[in-house]
Number of protein chains: 2
Amino acid sequence: MTPPPPDGPPDRRPGGRTARIRTQVLDAVRAELGEHGYEGLTMEAVAARAGVHRATVYRRWQDVGGLLADVLDAAGEDDWAPPDTGSLRGDLTALNEEIQESLVIRPSIPQALMAASFRSARAADAQQRLWEDRYTRCEAVVERAVGRGELPPHTDARRLLIAATAPIYHQLVLLRAAPDPRLAAQAATTADLAAAAGAFARPAPGDEG
Amino acid sequence: MTPPPPDGPPDRRPGGRTARIRTQVLDAVRAELGEHGYEGLTMEAVAARAGVHRATVYRRWQDVGGLLADVLDAAGEDDWAPPDTGSLRGDLTALNEEIQESLVIRPSIPQALMAASFRSARAADAQQRLWEDRYTRCEAVVERAVGRGELPPHTDARRLLIAATAPIYHQLVLLRAAPDPRLAAQAATTADLAAAAGAFARPAPGDEG
């Protein structure tokens with residue numbers, strides 16, 4: 001265990017001491033979560049693994065829910081963008097393959113975080129922010145398809161994305177089905193065919209009243 | 001608290017003492033789960049609420065996971081059948097409305113059981129059996145649609161049913177979205193349009209090799 005640095009005024013420059021401690025602590029949360037799940041996640045084990053004073057961990061994250069919420073918030077701070085393959089069906093298939101991979105790998109941190117978000121209100125709120133962020137970024141997939149003329153302009157991007165991805169989460173998280181290598185493409189194709197048939201059409205502005 | 005009846009040979013006739021104790025205990029599990037969630041579910045509270053000897057509850061269900069598993073197994077012993085409205089889209093919409101209702105009502109026992117199944121392996125196994133039972137019963141919806149000529153004979157019923165229902169669970173259980181009264185019909189319509197476009201076609205027997 002690395003001895004913690006002596007206390008001093010927090011250095012809030014990016015890459016400074018505050019940022020470094022956060023990285024160490026969140027890495028430790030992910031590692032503990034992967035090894036022991038939510039049940040085994042304690043402030044003490046995280047502090048020890050991170051090589052950071054327990055008092056610092058309590059002051060900054062308060063409790064296990066605070067640690068989980070920050071792991072989820074940190075996941076939203078990356079520069080992830082959805083796949084860009086040149087077609088709607090290709091993008092949705094590649095997206096579903098990424099999702100499936102992240103849920104099937106052991107230990108799966110996304111699975112552990114979803115399970116934890118049933119236990120902690122702070123984690124649930126952060127999980128909801130992360131979903132919102134991810135689906136918002138994925139709207140680029142639909143915008144590109146509209147730009148290529150694959151979809152009509154008034155397409156409800158969010159509904160299309162939920163239809164394409166929900167079966168992956170349903171099968172792997174809730175139904176606990178064995179991974180099926182065809183699932184990613186099948187769910188993408190289903191959403192693509194439904195989109196072509198007008199399933200996600202929104203009334204054009206002005207048509208609503 | 002009702003005094004427990006004196007011990008004697010178990011009466012295994014349907015409606016006998018064994019069945020009556022099970023009903024009392026499982027009712028108590030559902031009530032405790034609805035009031036306190038998994039966190040507050042204890043063998044002691046269930047026994048007290050059911051008016052049954054603690055020793056009987058321990059002997060017969062072992063632990064909280066055993067109680068949850070039996071609640072889930074009991075849910076599969078009813079005579080539930082999917083709605084029969086005369087059309088595929090109507091059946092899927094009515095089915096989704098039932099699902100949405102069961103997830104939105106407070107307390108929602110299905111939500112509490114899904115959350116609990118992340119905590120207990122026995123509950124997870126029983127939850128998986130219940131999903132399997134429910135989706136198997138729902139295949140009647142697809143068989144009727146095939147019989148009416150709405151769908152081609154080689155339709156993958158399970159994939160169609162997952163496509164129709166997954167968005168409801170995804171929105172309400174994982175994304176924790178506010179209930180949307182349009183969701184049931186929209187998800188049903190999406191699956192119906194995708195089905196009409198051949199999304200769930202299976203190769204005819206003999207075409208596979």
# chains A, B, ... in the order shown; residues from 1 in each chain; ligands from 1

call {"tool": "residues_around", "arguments": {"residues": "Ser108 in chain B", "least_positions_apart": "3", "cutoff": "10 Å", "atoms": "only C-alpha atoms", "output": "ChimeraX atom specification"}}
result
/B:30,33-34,37,101-105,111-113

call {"tool": "write_last_selection", "arguments": {"atoms": "N, CA, C and O atoms", "output": "PDB file, in the first residue's frame"}}
result
ATOM      1  N   ARG B  30     -44.590 -11.116   0.466  1.00  0.00           N
ATOM      2  CA  ARG B  30     -44.962 -10.040  -0.474  1.00  0.00           C
ATOM      3  C   ARG B  30     -45.261  -8.742   0.272  1.00  0.00           C
ATOM      4  O   ARG B  30     -44.844  -7.657  -0.158  1.00  0.00           O
ATOM      5  N   LEU B  33     -41.959  -7.311   1.587  1.00  0.00           N
ATOM      6  CA  LEU B  33     -41.179  -6.829   0.449  1.00  0.00           C
ATOM      7  C   LEU B  33     -41.745  -5.501  -0.045  1.00  0.00           C
ATOM      8  O   LEU B  33     -41.000  -4.565  -0.351  1.00  0.00           O
ATOM      9  N   GLY B  34     -43.059  -5.426  -0.133  1.00  0.00           N
ATOM     10  CA  GLY B  34     -43.689  -4.183  -0.584  1.00  0.00           C
ATOM     11  C   GLY B  34     -43.433  -3.039   0.386  1.00  0.00           C
ATOM     12  O   GLY B  34     -43.228  -1.905  -0.031  1.00  0.00           O
ATOM     13  N   GLY B  37     -38.893  -3.564   1.124  1.00  0.00           N
ATOM     14  CA  GLY B  37     -37.910  -3.986   0.128  1.00  0.00           C
ATOM     15  C   GLY B  37     -37.072  -5.138   0.650  1.00  0.00           C
ATOM     16  O   GLY B  37     -37.274  -5.627   1.762  1.00  0.00           O
ATOM     17  N   GLU B 101     -48.431  -1.698 -16.014  1.00  0.00           N
ATOM     18  CA  GLU B 101     -49.231  -1.575 -14.785  1.00  0.00           C
ATOM     19  C   GLU B 101     -48.535  -2.243 -13.593  1.00  0.00           C
ATOM     20  O   GLU B 101     -48.443  -1.680 -12.508  1.00  0.00           O
ATOM     21  N   SER B 102     -48.013  -3.449 -13.836  1.00  0.00           N
ATOM     22  CA  SER B 102     -47.399  -4.207 -12.732  1.00  0.00           C
ATOM     23  C   SER B 102     -46.087  -3.574 -12.262  1.00  0.00           C
ATOM     24  O   SER B 102     -45.667  -3.774 -11.123  1.00  0.00           O
ATOM     25  N   LEU B 103     -45.453  -2.806 -13.148  1.00  0.00           N
ATOM     26  CA  LEU B 103     -44.167  -2.190 -12.782  1.00  0.00           C
ATOM     27  C   LEU B 103     -44.338  -0.800 -12.199  1.00  0.00           C
ATOM     28  O   LEU B 103     -43.454  -0.292 -11.513  1.00  0.00           O
ATOM     29  N   VAL B 104     -45.490  -0.175 -12.481  1.00  0.00           N
ATOM     30  CA  VAL B 104     -45.706   1.215 -12.093  1.00  0.00           C
ATOM     31  C   VAL B 104     -46.428   1.302 -10.757  1.00  0.00           C
ATOM     32  O   VAL B 104     -46.224   2.236  -9.989  1.00  0.00           O
ATOM     33  N   ILE B 105     -47.264   0.296 -10.464  1.00  0.00           N
ATOM     34  CA  ILE B 105     -48.015   0.286  -9.204  1.00  0.00           C
ATOM     35  C   ILE B 105     -47.027   0.335  -8.026  1.00  0.00           C
ATOM     36  O   ILE B 105     -45.917  -0.186  -8.122  1.00  0.00           O
ATOM     37  N   GLN B 111     -41.102  -5.452  -9.454  1.00  0.00           N
ATOM     38  CA  GLN B 111     -39.869  -4.641  -9.373  1.00  0.00           C
ATOM     39  C   GLN B 111     -39.020  -5.099  -8.193  1.00  0.00           C
ATOM     40  O   GLN B 111     -37.806  -5.245  -8.311  1.00  0.00           O
ATOM     41  N   ALA B 112     -39.665  -5.304  -7.031  1.00  0.00           N
ATOM     42  CA  ALA B 112     -38.911  -5.700  -5.838  1.00  0.00           C
ATOM     43  C   ALA B 112     -38.257  -7.065  -6.046  1.00  0.00           C
ATOM     44  O   ALA B 112     -37.126  -7.296  -5.602  1.00  0.00           O
ATOM     45  N   LEU B 113     -38.949  -7.973  -6.736  1.00  0.00           N
ATOM     46  CA  LEU B 113     -38.384  -9.302  -6.967  1.00  0.00           C
ATOM     47  C   LEU B 113     -37.222  -9.239  -7.958  1.00  0.00           C
ATOM     48  O   LEU B 113     -36.218  -9.930  -7.793  1.00  0.00           O
TER      49      LEU B 113
END

call {"tool": "closest_atom_pairs", "arguments": {"of": "chain B", "to": "chain A", "cutoff": "10 Å", "atoms": "only C-alpha atoms", "output": "CSV"}}
result
residue,atom,partner,partner_atom,distance
B:Gly37,CA,A:Arg119,CA,9.9
B:Tyr38,CA,A:Arg119,CA,9.3
B:Glu39,CA,A:Arg119,CA,8.6
B:Gln111,CA,A:Phe118,CA,9.8
B:Ala112,CA,A:Phe118,CA,9.2
B:Met114,CA,A:Leu174,CA,7.5
B:Ala115,CA,A:Phe118,CA,5.9
B:Ala116,CA,A:Phe118,CA,8.7
B:Ser117,CA,A:Leu174,CA,9.0
B:Phe118,CA,A:Ala115,CA,6.0
B:Arg119,CA,A:Ala115,CA,8.3
B:Ala124,CA,A:Arg176,CA,8.5
B:Asp125,CA,A:Arg176,CA,9.2
B:Gln127,CA,A:Leu175,CA,8.0
B:Gln128,CA,A:Leu175,CA,6.0
B:Arg129,CA,A:Leu175,CA,9.4
B:Leu130,CA,A:Leu175,CA,9.7
B:Trp131,CA,A:Leu175,CA,6.8
B:Glu132,CA,A:Leu175,CA,8.4
B:Arg159,CA,A:Pro167,CA,8.9
B:Leu160,CA,A:Thr190,CA,9.3
B:Ile162,CA,A:Pro167,CA,6.4
B:Ala163,CA,A:Pro167,CA,6.2
B:Ala164,CA,A:Ala163,CA,8.7
B:Thr165,CA,A:Pro167,CA,8.7
B:Ala166,CA,A:Pro167,CA,5.5
B:Pro167,CA,A:Ala166,CA,5.5
B:Ile168,CA,A:Ala166,CA,8.8
B:Tyr169,CA,A:His170,CA,7.3
B:His170,CA,A:Ala166,CA,5.8
B:Gln171,CA,A:Ile162,CA,8.3
B:Val173,CA,A:Leu174,CA,9.3
B:Leu174,CA,A:Met114,CA,7.5
B:Leu175,CA,A:Gln128,CA,6.0
B:Arg176,CA,A:Gln128,CA,7.1
B:Ala177,CA,A:Gln128,CA,8.5
B:Leu183,CA,A:Arg159,CA,9.4
B:Gln186,CA,A:Ala199,CA,7.8
B:Ala187,CA,A:Ala163,CA,7.7
B:Ala188,CA,A:Ala199,CA,9.9
B:Thr189,CA,A:Ala199,CA,6.9
B:Thr190,CA,A:Ala199,CA,5.3
B:Ala191,CA,A:Ala194,CA,7.2
B:Asp192,CA,A:Ala194,CA,8.3
B:Leu193,CA,A:Ala194,CA,5.5
B:Ala194,CA,A:Ala194,CA,4.5
B:Ala195,CA,A:Thr190,CA,8.1
B:Ala196,CA,A:Ala194,CA,8.9
B:Ala197,CA,A:Leu193,CA,6.3
B:Gly198,CA,A:Leu193,CA,8.2
B:Ala199,CA,A:Thr190,CA,5.3
B:Phe200,CA,A:Thr190,CA,7.8

call {"tool": "residues_around", "arguments": {"residues": "Leu151 in chain B", "least_positions_apart": "2", "cutoff": "9 Å", "atoms": "only C-alpha atoms", "output": "PyMOL selection string"}}
result
chain B and resi 88+142-143+145-149+153-155+195-196+198

call {"tool": "residues_around", "arguments": {"residues": "range 53-64 of chain A", "least_positions_apart": "3", "cutoff": "8 Å", "atoms": "only C-alpha atoms", "output": "PyMOL selection string"}}
result
chain A and resi 4+25+41-44+47-48+67-68

call {"tool": "residues_around", "arguments": {"residues": "Pro83 in chain B", "least_positions_apart": "4", "cutoff": "7 Å", "atoms": "only C-alpha atoms", "output": "ChimeraX atom specification"}}
result
/B:91,94-95

call {"tool": "residues_around", "arguments": {"residues": "Val46 in chain B", "least_positions_apart": "3", "cutoff": "6 Å", "atoms": "only C-alpha atoms", "output": "number ranges by chain"}}
result
B: 28-29, 43, 49-50

call {"tool": "select_by_dssp", "arguments": {"residues": "chain B", "states": "alpha helix (DSSP H)", "output": "ChimeraX atom specification"}}
result
/B:17-36,43-50,54-61,64-75,88-104,109-116,121-147,157-169,183-196

call {"tool": "closest_residue", "arguments": {"among": "A:Gly66, A:Glu139, A:Arg144, A:Gly76", "to": "Ser120 in chain A", "atoms": "only C-alpha atoms"}}
result
A:Gly66
